[in-house]
Every structure is written in C-alpha cells, then in structure tokens.
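Engineer: Just data_26.txt, nothing more (compact mmCIF, N, CA and C atoms):
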```
# COMPACT_ATOMS: atom_id res chain seq x y z
N ASN U 290 0.84 -1.17 0.00
CA ASN U 290 0.00 0.00 0.00
C ASN U 290 0.89 1.24 0.00
N MET U 291 0.48 2.23 -0.73
CA MET U 291 1.26 3.45 -0.87
C MET U 291 1.30 4.26 0.43
N MET U 292 0.21 4.29 1.17
CA MET U 292 0.17 5.06 2.41
C MET U 292 1.08 4.45 3.47
N VAL U 293 1.13 3.15 3.55
CA VAL U 293 2.01 2.48 4.52
C VAL U 293 3.48 2.78 4.17
N SER U 294 3.81 2.67 2.89
CA SER U 294 5.18 2.96 2.46
C SER U 294 5.56 4.40 2.77
N PHE U 295 4.67 5.33 2.49
CA PHE U 295 4.94 6.74 2.76
C PHE U 295 5.11 6.98 4.25
N SER U 296 4.26 6.36 5.06
CA SER U 296 4.35 6.54 6.51
C SER U 296 5.67 5.99 7.05
N LEU U 297 6.06 4.82 6.62
CA LEU U 297 7.33 4.24 7.06
C LEU U 297 8.51 5.10 6.61
N TYR U 298 8.45 5.61 5.40
CA TYR U 298 9.50 6.48 4.91
C TYR U 298 9.59 7.75 5.76
N THR U 299 8.46 8.33 6.10
CA THR U 299 8.43 9.55 6.91
C THR U 299 9.00 9.29 8.31
N VAL U 300 8.61 8.19 8.93
CA VAL U 300 9.11 7.85 10.27
C VAL U 300 10.63 7.63 10.22
N MET U 301 11.11 6.92 9.20
CA MET U 301 12.54 6.68 9.08
C MET U 301 13.31 7.98 8.84
N MET U 302 12.74 8.89 8.07
CA MET U 302 13.40 10.16 7.81
C MET U 302 13.48 11.01 9.08
N ILE U 303 12.40 11.06 9.84
CA ILE U 303 12.39 11.81 11.10
C ILE U 303 13.39 11.18 12.07
N GLY U 304 13.41 9.86 12.15
CA GLY U 304 14.36 9.18 13.03
C GLY U 304 15.80 9.44 12.65
N SER U 305 16.07 9.45 11.35
CA SER U 305 17.45 9.69 10.91
C SER U 305 17.88 11.13 11.16
N VAL U 306 16.98 12.08 11.02
CA VAL U 306 17.32 13.49 11.32
C VAL U 306 17.57 13.66 12.82
N LEU U 307 16.77 12.99 13.64
CA LEU U 307 16.96 13.10 15.10
C LEU U 307 18.24 12.41 15.56
N SER U 308 18.79 11.50 14.75
CA SER U 308 20.00 10.79 15.16
C SER U 308 21.29 11.48 14.71
N LEU U 309 21.19 12.63 14.06
CA LEU U 309 22.38 13.35 13.63
C LEU U 309 23.20 13.78 14.85
N ARG U 310 24.53 13.65 14.76
CA ARG U 310 25.44 13.97 15.85
C ARG U 310 26.39 15.07 15.41
N LYS U 311 26.64 16.00 16.31
CA LYS U 311 27.55 17.10 16.03
C LYS U 311 28.94 16.55 15.74
N GLY U 312 29.58 17.08 14.69
CA GLY U 312 30.91 16.63 14.30
C GLY U 312 30.88 15.52 13.26
N LEU U 313 29.74 14.89 13.08
CA LEU U 313 29.61 13.80 12.09
C LEU U 313 28.64 14.15 10.97
N PHE U 314 28.26 15.42 10.88
CA PHE U 314 27.25 15.83 9.90
C PHE U 314 27.66 15.46 8.47
N LYS U 315 28.92 15.77 8.11
CA LYS U 315 29.37 15.52 6.74
C LYS U 315 29.32 14.03 6.42
N TYR U 316 29.82 13.20 7.32
CA TYR U 316 29.81 11.76 7.12
C TYR U 316 28.38 11.23 7.04
N GLN U 317 27.53 11.66 7.98
CA GLN U 317 26.15 11.16 8.01
C GLN U 317 25.37 11.61 6.77
N MET U 318 25.57 12.84 6.33
CA MET U 318 24.85 13.31 5.14
C MET U 318 25.34 12.57 3.88
N THR U 319 26.64 12.26 3.84
CA THR U 319 27.16 11.48 2.72
C THR U 319 26.52 10.09 2.70
N GLN U 320 26.42 9.47 3.85
CA GLN U 320 25.79 8.14 3.94
C GLN U 320 24.32 8.20 3.56
N TYR U 321 23.61 9.23 4.02
CA TYR U 321 22.19 9.38 3.66
C TYR U 321 22.03 9.57 2.16
N THR U 322 22.92 10.38 1.59
CA THR U 322 22.83 10.64 0.15
C THR U 322 23.04 9.36 -0.65
N TRP U 323 24.08 8.59 -0.32
CA TRP U 323 24.33 7.35 -1.05
C TRP U 323 23.20 6.34 -0.83
N THR U 324 22.65 6.32 0.36
CA THR U 324 21.51 5.43 0.63
C THR U 324 20.32 5.81 -0.23
N MET U 325 20.02 7.10 -0.32
CA MET U 325 18.88 7.56 -1.12
C MET U 325 19.11 7.30 -2.61
N VAL U 326 20.32 7.51 -3.08
CA VAL U 326 20.61 7.25 -4.49
C VAL U 326 20.43 5.76 -4.80
N THR U 327 20.95 4.91 -3.94
CA THR U 327 20.83 3.46 -4.15
C THR U 327 19.38 3.02 -4.11
N ILE U 328 18.63 3.51 -3.13
CA ILE U 328 17.21 3.15 -3.04
C ILE U 328 16.45 3.64 -4.27
N SER U 329 16.75 4.86 -4.71
CA SER U 329 16.08 5.40 -5.89
C SER U 329 16.36 4.56 -7.13
N ILE U 330 17.61 4.17 -7.31
CA ILE U 330 17.95 3.36 -8.48
C ILE U 330 17.20 2.03 -8.45
N VAL U 331 17.21 1.37 -7.31
CA VAL U 331 16.53 0.08 -7.20
C VAL U 331 15.03 0.22 -7.37
N VAL U 332 14.43 1.17 -6.67
CA VAL U 332 12.97 1.33 -6.70
C VAL U 332 12.50 1.77 -8.08
N PHE U 333 13.17 2.74 -8.70
CA PHE U 333 12.73 3.22 -10.00
C PHE U 333 12.88 2.15 -11.08
N GLN U 334 13.96 1.38 -11.02
CA GLN U 334 14.12 0.31 -12.01
C GLN U 334 13.08 -0.78 -11.83
N THR U 335 12.81 -1.14 -10.59
CA THR U 335 11.80 -2.16 -10.32
C THR U 335 10.43 -1.68 -10.78
N GLN U 336 10.11 -0.44 -10.47
CA GLN U 336 8.83 0.12 -10.88
C GLN U 336 8.73 0.17 -12.41
N ALA U 337 9.81 0.53 -13.08
CA ALA U 337 9.80 0.58 -14.54
C ALA U 337 9.59 -0.80 -15.14
N VAL U 338 10.21 -1.82 -14.57
CA VAL U 338 10.04 -3.19 -15.08
C VAL U 338 8.58 -3.62 -14.94
N PHE U 339 7.96 -3.34 -13.80
CA PHE U 339 6.56 -3.72 -13.63
C PHE U 339 5.65 -2.94 -14.57
N GLN U 340 5.92 -1.68 -14.80
CA GLN U 340 5.10 -0.92 -15.75
C GLN U 340 5.25 -1.46 -17.16
N ILE U 341 6.48 -1.87 -17.51
CA ILE U 341 6.71 -2.44 -18.83
C ILE U 341 5.96 -3.76 -18.97
N ILE U 342 6.00 -4.59 -17.93
CA ILE U 342 5.30 -5.87 -17.99
C ILE U 342 3.79 -5.66 -18.09
N TYR U 343 3.27 -4.68 -17.37
CA TYR U 343 1.83 -4.41 -17.46
C TYR U 343 1.44 -3.78 -18.79
N ALA U 344 2.38 -3.25 -19.53
CA ALA U 344 2.09 -2.73 -20.87
C ALA U 344 2.13 -3.83 -21.91
N GLY U 345 2.56 -5.02 -21.52
CA GLY U 345 2.69 -6.15 -22.44
C GLY U 345 4.11 -6.66 -22.38
N LEU U 346 4.28 -7.97 -22.35
CA LEU U 346 5.62 -8.57 -22.26
C LEU U 346 6.49 -8.23 -23.47
N PHE U 347 5.86 -7.84 -24.56
CA PHE U 347 6.59 -7.46 -25.75
C PHE U 347 7.65 -6.41 -25.42
N TRP U 348 7.29 -5.43 -24.59
CA TRP U 348 8.18 -4.30 -24.29
C TRP U 348 9.29 -4.69 -23.31
N PHE U 349 9.24 -5.88 -22.77
CA PHE U 349 10.33 -6.40 -21.94
C PHE U 349 11.20 -7.36 -22.74
N VAL U 350 10.57 -8.23 -23.49
CA VAL U 350 11.29 -9.27 -24.23
C VAL U 350 12.04 -8.69 -25.43
N MET U 351 11.41 -7.78 -26.16
CA MET U 351 12.03 -7.24 -27.38
C MET U 351 13.34 -6.50 -27.10
N PRO U 352 13.37 -5.51 -26.20
CA PRO U 352 14.66 -4.83 -25.95
C PRO U 352 15.74 -5.76 -25.40
N SER U 353 15.34 -6.68 -24.52
CA SER U 353 16.32 -7.63 -23.98
C SER U 353 16.90 -8.49 -25.09
N SER U 354 16.05 -8.94 -25.99
CA SER U 354 16.50 -9.77 -27.11
C SER U 354 17.42 -8.99 -28.05
N LEU U 355 17.14 -7.72 -28.26
CA LEU U 355 17.98 -6.91 -29.14
C LEU U 355 19.38 -6.73 -28.56
N VAL U 356 19.45 -6.53 -27.25
CA VAL U 356 20.77 -6.39 -26.61
C VAL U 356 21.55 -7.69 -26.73
N ILE U 357 20.89 -8.81 -26.49
CA ILE U 357 21.55 -10.12 -26.60
C ILE U 357 22.00 -10.38 -28.03
N CYS U 358 21.14 -10.09 -29.00
CA CYS U 358 21.47 -10.29 -30.41
C CYS U 358 22.66 -9.41 -30.80
N ASN U 359 22.64 -8.15 -30.40
CA ASN U 359 23.72 -7.23 -30.75
C ASN U 359 25.05 -7.71 -30.20
N ASP U 360 25.05 -8.17 -28.98
CA ASP U 360 26.29 -8.63 -28.35
C ASP U 360 26.84 -9.86 -29.05
N ILE U 361 25.97 -10.80 -29.35
CA ILE U 361 26.40 -12.03 -30.03
C ILE U 361 26.88 -11.74 -31.45
N MET U 362 26.15 -10.91 -32.17
CA MET U 362 26.52 -10.61 -33.55
C MET U 362 27.81 -9.79 -33.61
N ALA U 363 28.06 -8.94 -32.64
CA ALA U 363 29.31 -8.18 -32.61
C ALA U 363 30.48 -9.14 -32.48
N TYR U 364 30.33 -10.14 -31.65
CA TYR U 364 31.39 -11.13 -31.48
C TYR U 364 31.63 -11.91 -32.78
N TYR U 365 30.54 -12.46 -33.35
CA TYR U 365 30.70 -13.28 -34.55
C TYR U 365 31.17 -12.47 -35.76
N CYS U 366 30.62 -11.29 -35.96
CA CYS U 366 31.06 -10.45 -37.09
C CYS U 366 32.51 -10.00 -36.89
N GLY U 367 32.87 -9.72 -35.65
CA GLY U 367 34.26 -9.36 -35.37
C GLY U 367 35.20 -10.51 -35.63
N GLN U 368 34.79 -11.72 -35.27
CA GLN U 368 35.63 -12.89 -35.52
C GLN U 368 35.73 -13.21 -37.01
N LEU U 369 34.61 -13.05 -37.71
CA LEU U 369 34.56 -13.41 -39.12
C LEU U 369 35.25 -12.38 -40.01
N PHE U 370 34.95 -11.09 -39.79
CA PHE U 370 35.46 -10.03 -40.66
C PHE U 370 36.51 -9.14 -40.01
N GLY U 371 36.76 -9.32 -38.74
CA GLY U 371 37.59 -8.41 -37.97
C GLY U 371 38.95 -8.08 -38.55
N LYS U 372 39.24 -6.80 -38.66
CA LYS U 372 40.52 -6.24 -39.13
C LYS U 372 40.90 -6.73 -40.52
N ARG U 373 39.91 -7.09 -41.31
CA ARG U 373 40.17 -7.48 -42.70
C ARG U 373 39.83 -6.34 -43.65
N LEU U 374 38.79 -5.57 -43.29
CA LEU U 374 38.37 -4.47 -44.16
C LEU U 374 39.09 -3.17 -43.80
N THR U 375 39.37 -2.98 -42.52
CA THR U 375 40.09 -1.79 -42.08
C THR U 375 40.97 -2.14 -40.89
N ARG U 376 42.12 -1.55 -40.83
CA ARG U 376 43.06 -1.79 -39.72
C ARG U 376 42.92 -0.71 -38.65
N ARG U 377 42.07 0.23 -38.88
CA ARG U 377 41.90 1.35 -37.96
C ARG U 377 41.34 0.88 -36.62
N LYS U 378 41.86 1.40 -35.50
CA LYS U 378 41.39 1.01 -34.17
C LYS U 378 39.97 1.51 -33.95
N PHE U 379 39.18 0.71 -33.30
CA PHE U 379 37.79 1.09 -33.01
C PHE U 379 37.67 1.77 -31.66
N LEU U 380 38.22 1.16 -30.63
CA LEU U 380 38.04 1.67 -29.28
C LEU U 380 39.29 1.35 -28.46
N ASP U 381 39.87 2.36 -27.87
CA ASP U 381 41.08 2.13 -27.07
C ASP U 381 40.79 1.36 -25.79
N LEU U 382 39.57 1.46 -25.30
CA LEU U 382 39.21 0.81 -24.06
C LEU U 382 39.28 -0.71 -24.16
N SER U 383 38.84 -1.22 -25.29
CA SER U 383 38.87 -2.66 -25.52
C SER U 383 39.55 -2.92 -26.86
N PRO U 384 40.79 -3.38 -26.87
CA PRO U 384 41.55 -3.50 -28.12
C PRO U 384 41.03 -4.57 -29.08
N ASN U 385 40.21 -5.50 -28.62
CA ASN U 385 39.71 -6.57 -29.50
C ASN U 385 38.44 -6.18 -30.25
N LYS U 386 37.89 -5.00 -29.99
CA LYS U 386 36.71 -4.55 -30.73
C LYS U 386 37.14 -4.04 -32.09
N THR U 387 36.32 -4.34 -33.11
CA THR U 387 36.65 -3.93 -34.47
C THR U 387 35.49 -3.18 -35.10
N TRP U 388 35.81 -2.39 -36.12
CA TRP U 388 34.77 -1.69 -36.86
C TRP U 388 33.85 -2.70 -37.56
N GLU U 389 34.42 -3.76 -38.04
CA GLU U 389 33.62 -4.78 -38.73
C GLU U 389 32.62 -5.43 -37.78
N GLY U 390 33.03 -5.69 -36.56
CA GLY U 390 32.12 -6.25 -35.56
C GLY U 390 31.01 -5.28 -35.21
N PHE U 391 31.37 -4.00 -35.07
CA PHE U 391 30.39 -2.97 -34.74
C PHE U 391 29.36 -2.80 -35.85
N LEU U 392 29.83 -2.62 -37.08
CA LEU U 392 28.91 -2.41 -38.20
C LEU U 392 28.12 -3.67 -38.53
N GLY U 393 28.77 -4.83 -38.46
CA GLY U 393 28.07 -6.08 -38.71
C GLY U 393 26.99 -6.34 -37.69
N SER U 394 27.26 -6.05 -36.42
CA SER U 394 26.24 -6.25 -35.39
C SER U 394 25.08 -5.29 -35.57
N ALA U 395 25.35 -4.08 -36.02
CA ALA U 395 24.27 -3.11 -36.25
C ALA U 395 23.33 -3.60 -37.34
N VAL U 396 23.89 -4.08 -38.44
CA VAL U 396 23.06 -4.58 -39.56
C VAL U 396 22.28 -5.82 -39.12
N CYS U 397 22.96 -6.76 -38.47
CA CYS U 397 22.30 -8.00 -38.04
C CYS U 397 21.20 -7.71 -37.00
N THR U 398 21.44 -6.77 -36.11
CA THR U 398 20.44 -6.44 -35.09
C THR U 398 19.22 -5.78 -35.72
N LEU U 399 19.42 -4.94 -36.72
CA LEU U 399 18.28 -4.33 -37.41
C LEU U 399 17.43 -5.38 -38.12
N ILE U 400 18.08 -6.31 -38.79
CA ILE U 400 17.35 -7.39 -39.47
C ILE U 400 16.60 -8.23 -38.45
N PHE U 401 17.28 -8.59 -37.37
CA PHE U 401 16.64 -9.37 -36.30
C PHE U 401 15.46 -8.62 -35.69
N ALA U 402 15.59 -7.32 -35.50
CA ALA U 402 14.52 -6.52 -34.89
C ALA U 402 13.25 -6.56 -35.74
N PHE U 403 13.38 -6.41 -37.06
CA PHE U 403 12.21 -6.46 -37.93
C PHE U 403 11.57 -7.84 -37.91
N TRP U 404 12.39 -8.88 -37.98
CA TRP U 404 11.86 -10.24 -37.99
C TRP U 404 11.23 -10.62 -36.65
N PHE U 405 11.96 -10.37 -35.55
CA PHE U 405 11.52 -10.82 -34.23
C PHE U 405 10.31 -10.04 -33.73
N SER U 406 10.21 -8.76 -34.06
CA SER U 406 9.05 -7.98 -33.62
C SER U 406 7.76 -8.50 -34.27
N ARG U 407 7.85 -8.86 -35.54
CA ARG U 407 6.66 -9.45 -36.19
C ARG U 407 6.31 -10.80 -35.58
N LYS U 408 7.34 -11.57 -35.24
CA LYS U 408 7.11 -12.88 -34.63
C LYS U 408 6.44 -12.74 -33.27
N LEU U 409 6.93 -11.82 -32.44
CA LEU U 409 6.36 -11.63 -31.09
C LEU U 409 4.93 -11.11 -31.13
N CYS U 410 4.62 -10.28 -32.11
CA CYS U 410 3.27 -9.71 -32.19
C CYS U 410 2.20 -10.77 -32.46
N GLY U 411 2.62 -11.92 -32.89
CA GLY U 411 1.67 -13.00 -33.17
C GLY U 411 1.22 -13.76 -31.93
N TYR U 412 1.85 -13.50 -30.80
CA TYR U 412 1.51 -14.21 -29.56
C TYR U 412 0.77 -13.29 -28.60
N GLN U 413 -0.40 -13.74 -28.12
CA GLN U 413 -1.17 -12.92 -27.20
C GLN U 413 -0.44 -12.69 -25.88
N TRP U 414 0.38 -13.63 -25.47
CA TRP U 414 1.12 -13.46 -24.21
C TRP U 414 2.06 -12.25 -24.29
N MET U 415 2.45 -11.87 -25.48
CA MET U 415 3.37 -10.74 -25.64
C MET U 415 2.65 -9.41 -25.74
N THR U 416 1.43 -9.42 -26.25
CA THR U 416 0.74 -8.16 -26.52
C THR U 416 -0.37 -7.83 -25.54
N CYS U 417 -0.87 -8.80 -24.82
CA CYS U 417 -1.96 -8.54 -23.86
C CYS U 417 -1.39 -8.06 -22.52
N MET U 418 -2.13 -7.18 -21.90
CA MET U 418 -1.74 -6.71 -20.57
C MET U 418 -2.36 -7.63 -19.53
N PRO U 419 -1.56 -8.14 -18.60
CA PRO U 419 -2.13 -9.02 -17.57
C PRO U 419 -2.93 -8.22 -16.54
N ASP U 420 -3.96 -8.86 -15.96
CA ASP U 420 -4.72 -8.22 -14.90
C ASP U 420 -3.89 -8.15 -13.63
N LYS U 421 -3.15 -9.22 -13.35
CA LYS U 421 -2.25 -9.27 -12.21
C LYS U 421 -1.11 -10.21 -12.54
N ILE U 422 -0.01 -10.01 -11.88
CA ILE U 422 1.16 -10.84 -12.14
C ILE U 422 1.19 -11.97 -11.13
N THR U 423 1.12 -13.21 -11.63
CA THR U 423 1.18 -14.39 -10.78
C THR U 423 2.07 -15.43 -11.48
N PHE U 424 2.39 -16.47 -10.76
CA PHE U 424 3.15 -17.57 -11.34
C PHE U 424 2.23 -18.62 -11.96
N ARG U 425 0.94 -18.48 -11.77
CA ARG U 425 -0.03 -19.44 -12.31
C ARG U 425 -0.30 -19.10 -13.77
N LEU U 426 -0.20 -20.12 -14.63
CA LEU U 426 -0.49 -19.91 -16.04
C LEU U 426 -1.98 -19.86 -16.27
N SER U 427 -2.42 -18.88 -16.99
CA SER U 427 -3.83 -18.76 -17.33
C SER U 427 -3.93 -18.22 -18.75
N THR U 428 -5.11 -18.31 -19.30
CA THR U 428 -5.30 -17.82 -20.66
C THR U 428 -5.52 -16.32 -20.64
N LEU U 429 -4.93 -15.67 -21.60
CA LEU U 429 -5.12 -14.23 -21.76
C LEU U 429 -5.99 -13.99 -22.97
N THR U 430 -6.98 -13.20 -22.82
CA THR U 430 -7.80 -12.82 -23.95
C THR U 430 -7.90 -11.30 -23.98
N CYS U 431 -7.57 -10.75 -25.12
CA CYS U 431 -7.68 -9.31 -25.27
C CYS U 431 -7.66 -8.99 -26.77
N THR U 432 -7.96 -7.77 -27.06
CA THR U 432 -7.81 -7.28 -28.41
C THR U 432 -6.53 -6.47 -28.46
N PRO U 433 -5.51 -6.97 -29.15
CA PRO U 433 -4.23 -6.25 -29.16
C PRO U 433 -4.39 -4.84 -29.75
N ALA U 434 -3.59 -3.94 -29.27
CA ALA U 434 -3.60 -2.55 -29.76
C ALA U 434 -3.21 -2.52 -31.23
N PRO U 435 -3.61 -1.47 -31.94
CA PRO U 435 -3.31 -1.40 -33.39
C PRO U 435 -1.81 -1.44 -33.71
N MET U 436 -0.95 -1.02 -32.79
CA MET U 436 0.49 -1.02 -33.09
C MET U 436 1.05 -2.42 -33.23
N TYR U 437 0.31 -3.46 -32.77
CA TYR U 437 0.79 -4.83 -32.88
C TYR U 437 0.34 -5.50 -34.17
N HIS U 438 -0.42 -4.80 -34.99
CA HIS U 438 -0.91 -5.38 -36.26
C HIS U 438 0.00 -4.96 -37.40
N ASP U 439 -0.04 -5.74 -38.49
CA ASP U 439 0.75 -5.39 -39.70
C ASP U 439 0.27 -4.12 -40.33
```
Mind turning the file's structure into structure tokens?
Structural biologist:
Amino acid sequence: NMMVSFSLYTVMMIGSVLSLRKGLFKYQMTQYTWTMVTISIVVFQTQAVFQIIYAGLFWFVMPSSLVICNDIMAYYCGQLFGKRLTRRKFLDLSPNKTWEGFLGSAVCTLIFAFWFSRKLCGYQWMTCMPDKITFRLSTLTCTPAPMYHD
C-alpha cells in the first residue's frame, strides 16, 4: 500500500534526522545521500520493469532480445570479418573490438529486430496486458492494440 510505504518512509526520515550527531554531519549526510541514491535506483528500475510488464511482455522481451542479439553478432562479425576491411582502431578501451564487428552487429540487429518484432506480435502473451502478475499460467484474452498489427 502506498500510504504504509509513505508513513514508514516519513518515520525513518524523522528518526534519521533526530540521530544526527555534532561533528559527524558531513559523514552522516554522505551516507544518507548514497543510501537515497541506491534506493532510488533500485525502486525506479523495479517500478519501470513492472510498468513495462503491465504494458505487455513485448516491451520487456524485445529490448532484452535486441541487446543479446547485438552482443552475439558483434562477437561473430568481429571474428569473421575483424581487421580485414580496415586496420583502424575502433576503441582504445577494448583492443579486441573492431569496426567490422560494430557495423556487422548493427546490420544484423536491425534485421533481427524487424523479424523478431513481427514474430512476437503473433503471440497474445506478448501483446496482452495481464490483470495481475502471478506464477499461475492462465489464458489471456484481449484485443491487441493497433500497433501490434501489420
């Protein structure tokens, strides 16, 4: 519940302000800041994942698949064509990265994106919004939004 979370947050904030000690303000404020940043990162990412899942699994599976495809294709294109078309360095940070791997992965990922997005749109589990998230498998029935049609 949102009210319970807000109340607990308020009580913890009041308690932490009352626990401040003279001479340790800088250290305590640094710790509070890092704690808030960490909590914000975790909470906002978790909230974003749940919003994406409630918008349809398509919006979770598709980007994840594109990242995986890009990484794999960069490796294979780099191994297959690497440093054969150009000897120019790609990135000083990682000496084994090549322009051929980068460009090859971009082309392969674009092709995969067009093919895989059409494939995913054919499954109701990818395009329907669930009423609630559970581990129990059930049938989903909905009318997919127009963006999922050809």
Engineer: Can you list, as a list in words, every protein, DNA or RNA residue that comes within 12 Å of Leu380 in chain U when you count only C-alpha atoms, leaving out same-chain residues fewer than 5 positions away?
Structural biologist: Asn385, Lys386, Thr387, Trp388, Gly390 and Phe391 of chain U
Engineer: Please report the interatomic distance between CA of Asn359 in chain U and atom N of Gln334 in chain U in Å with one decimal.
Structural biologist: 23.6 Å
Engineer: I want to know what sits within 8 Å of range 408-417 of chain U, based on only C-alpha atoms, with residues of the same chain fewer than 3 positions away left out; could you give that as a PDB file with N, CA and C atoms, in the coordinates of the input?
Structural biologist:
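This went into out_6.pdb:
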```pdb
ATOM      1  N   ALA U 344       2.380  -3.250 -19.530  1.00  0.00           N
ATOM      2  CA  ALA U 344       2.090  -2.730 -20.870  1.00  0.00           C
ATOM      3  C   ALA U 344       2.130  -3.830 -21.910  1.00  0.00           C
ATOM      4  N   GLY U 345       2.560  -5.020 -21.520  1.00  0.00           N
ATOM      5  CA  GLY U 345       2.690  -6.150 -22.440  1.00  0.00           C
ATOM      6  C   GLY U 345       4.110  -6.660 -22.380  1.00  0.00           C
ATOM      7  N   LEU U 346       4.280  -7.970 -22.350  1.00  0.00           N
ATOM      8  CA  LEU U 346       5.620  -8.570 -22.260  1.00  0.00           C
ATOM      9  C   LEU U 346       6.490  -8.230 -23.470  1.00  0.00           C
ATOM     10  N   PHE U 347       5.860  -7.840 -24.560  1.00  0.00           N
ATOM     11  CA  PHE U 347       6.590  -7.460 -25.750  1.00  0.00           C
ATOM     12  C   PHE U 347       7.650  -6.410 -25.420  1.00  0.00           C
ATOM     13  N   TRP U 404      12.390  -8.880 -37.980  1.00  0.00           N
ATOM     14  CA  TRP U 404      11.860 -10.240 -37.990  1.00  0.00           C
ATOM     15  C   TRP U 404      11.230 -10.620 -36.650  1.00  0.00           C
ATOM     16  N   PHE U 405      11.960 -10.370 -35.550  1.00  0.00           N
ATOM     17  CA  PHE U 405      11.520 -10.820 -34.230  1.00  0.00           C
ATOM     18  C   PHE U 405      10.310 -10.040 -33.730  1.00  0.00           C
ATOM     19  N   LEU U 429      -4.930 -15.670 -21.600  1.00  0.00           N
ATOM     20  CA  LEU U 429      -5.120 -14.230 -21.760  1.00  0.00           C
ATOM     21  C   LEU U 429      -5.990 -13.990 -22.970  1.00  0.00           C
ATOM     22  N   THR U 430      -6.980 -13.200 -22.820  1.00  0.00           N
ATOM     23  CA  THR U 430      -7.800 -12.820 -23.950  1.00  0.00           C
ATOM     24  C   THR U 430      -7.900 -11.300 -23.980  1.00  0.00           C
ATOM     25  N   CYS U 431      -7.570 -10.750 -25.120  1.00  0.00           N
ATOM     26  CA  CYS U 431      -7.680  -9.310 -25.270  1.00  0.00           C
ATOM     27  C   CYS U 431      -7.660  -8.990 -26.770  1.00  0.00           C
ATOM     28  N   THR U 432      -7.960  -7.770 -27.060  1.00  0.00           N
ATOM     29  CA  THR U 432      -7.810  -7.280 -28.410  1.00  0.00           C
ATOM     30  C   THR U 432      -6.530  -6.470 -28.460  1.00  0.00           C
ATOM     31  N   PRO U 433      -5.510  -6.970 -29.150  1.00  0.00           N
ATOM     32  CA  PRO U 433      -4.230  -6.250 -29.160  1.00  0.00           C
ATOM     33  C   PRO U 433      -4.390  -4.840 -29.750  1.00  0.00           C
ATOM     34  N   ALA U 434      -3.590  -3.940 -29.270  1.00  0.00           N
ATOM     35  CA  ALA U 434      -3.600  -2.550 -29.760  1.00  0.00           C
ATOM     36  C   ALA U 434      -3.210  -2.520 -31.230  1.00  0.00           C
ATOM     37  N   TYR U 437       0.310  -3.460 -32.770  1.00  0.00           N
ATOM     38  CA  TYR U 437       0.790  -4.830 -32.880  1.00  0.00           C
ATOM     39  C   TYR U 437       0.340  -5.500 -34.170  1.00  0.00           C
ATOM     40  N   HIS U 438      -0.420  -4.800 -34.990  1.00  0.00           N
ATOM     41  CA  HIS U 438      -0.910  -5.380 -36.260  1.00  0.00           C
ATOM     42  C   HIS U 438       0.000  -4.960 -37.400  1.00  0.00           C
TER      43      HIS U 438
END
```
Engineer: State, in Å with one decimal place, the distance from atom C of Leu426 in chain U to atom C of Ile341 in chain U.
Structural biologist: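 Straight-line distance from atom C of Leu426 in chain U to atom C of Ile341 in chain U works out to 18.2 Å.
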Engineer: Record the distance separating CA of Ala395 in chain U and CA of Val338 in chain U, expressed in Å with one decimal.
Structural biologist: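 CA of Val338 in chain U lies at a distance of 25.5 Å from CA of Ala395 in chain U.
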Engineer: Considering only helix (DSSP H, G or I) as DSSP defines it on the backbone, what residues of chain U qualify? List them as a VMD selection string.
Structural biologist: chain U and resid 291 to 307 314 to 343 347 to 370 388 to 410 413 to 416 435 to 437
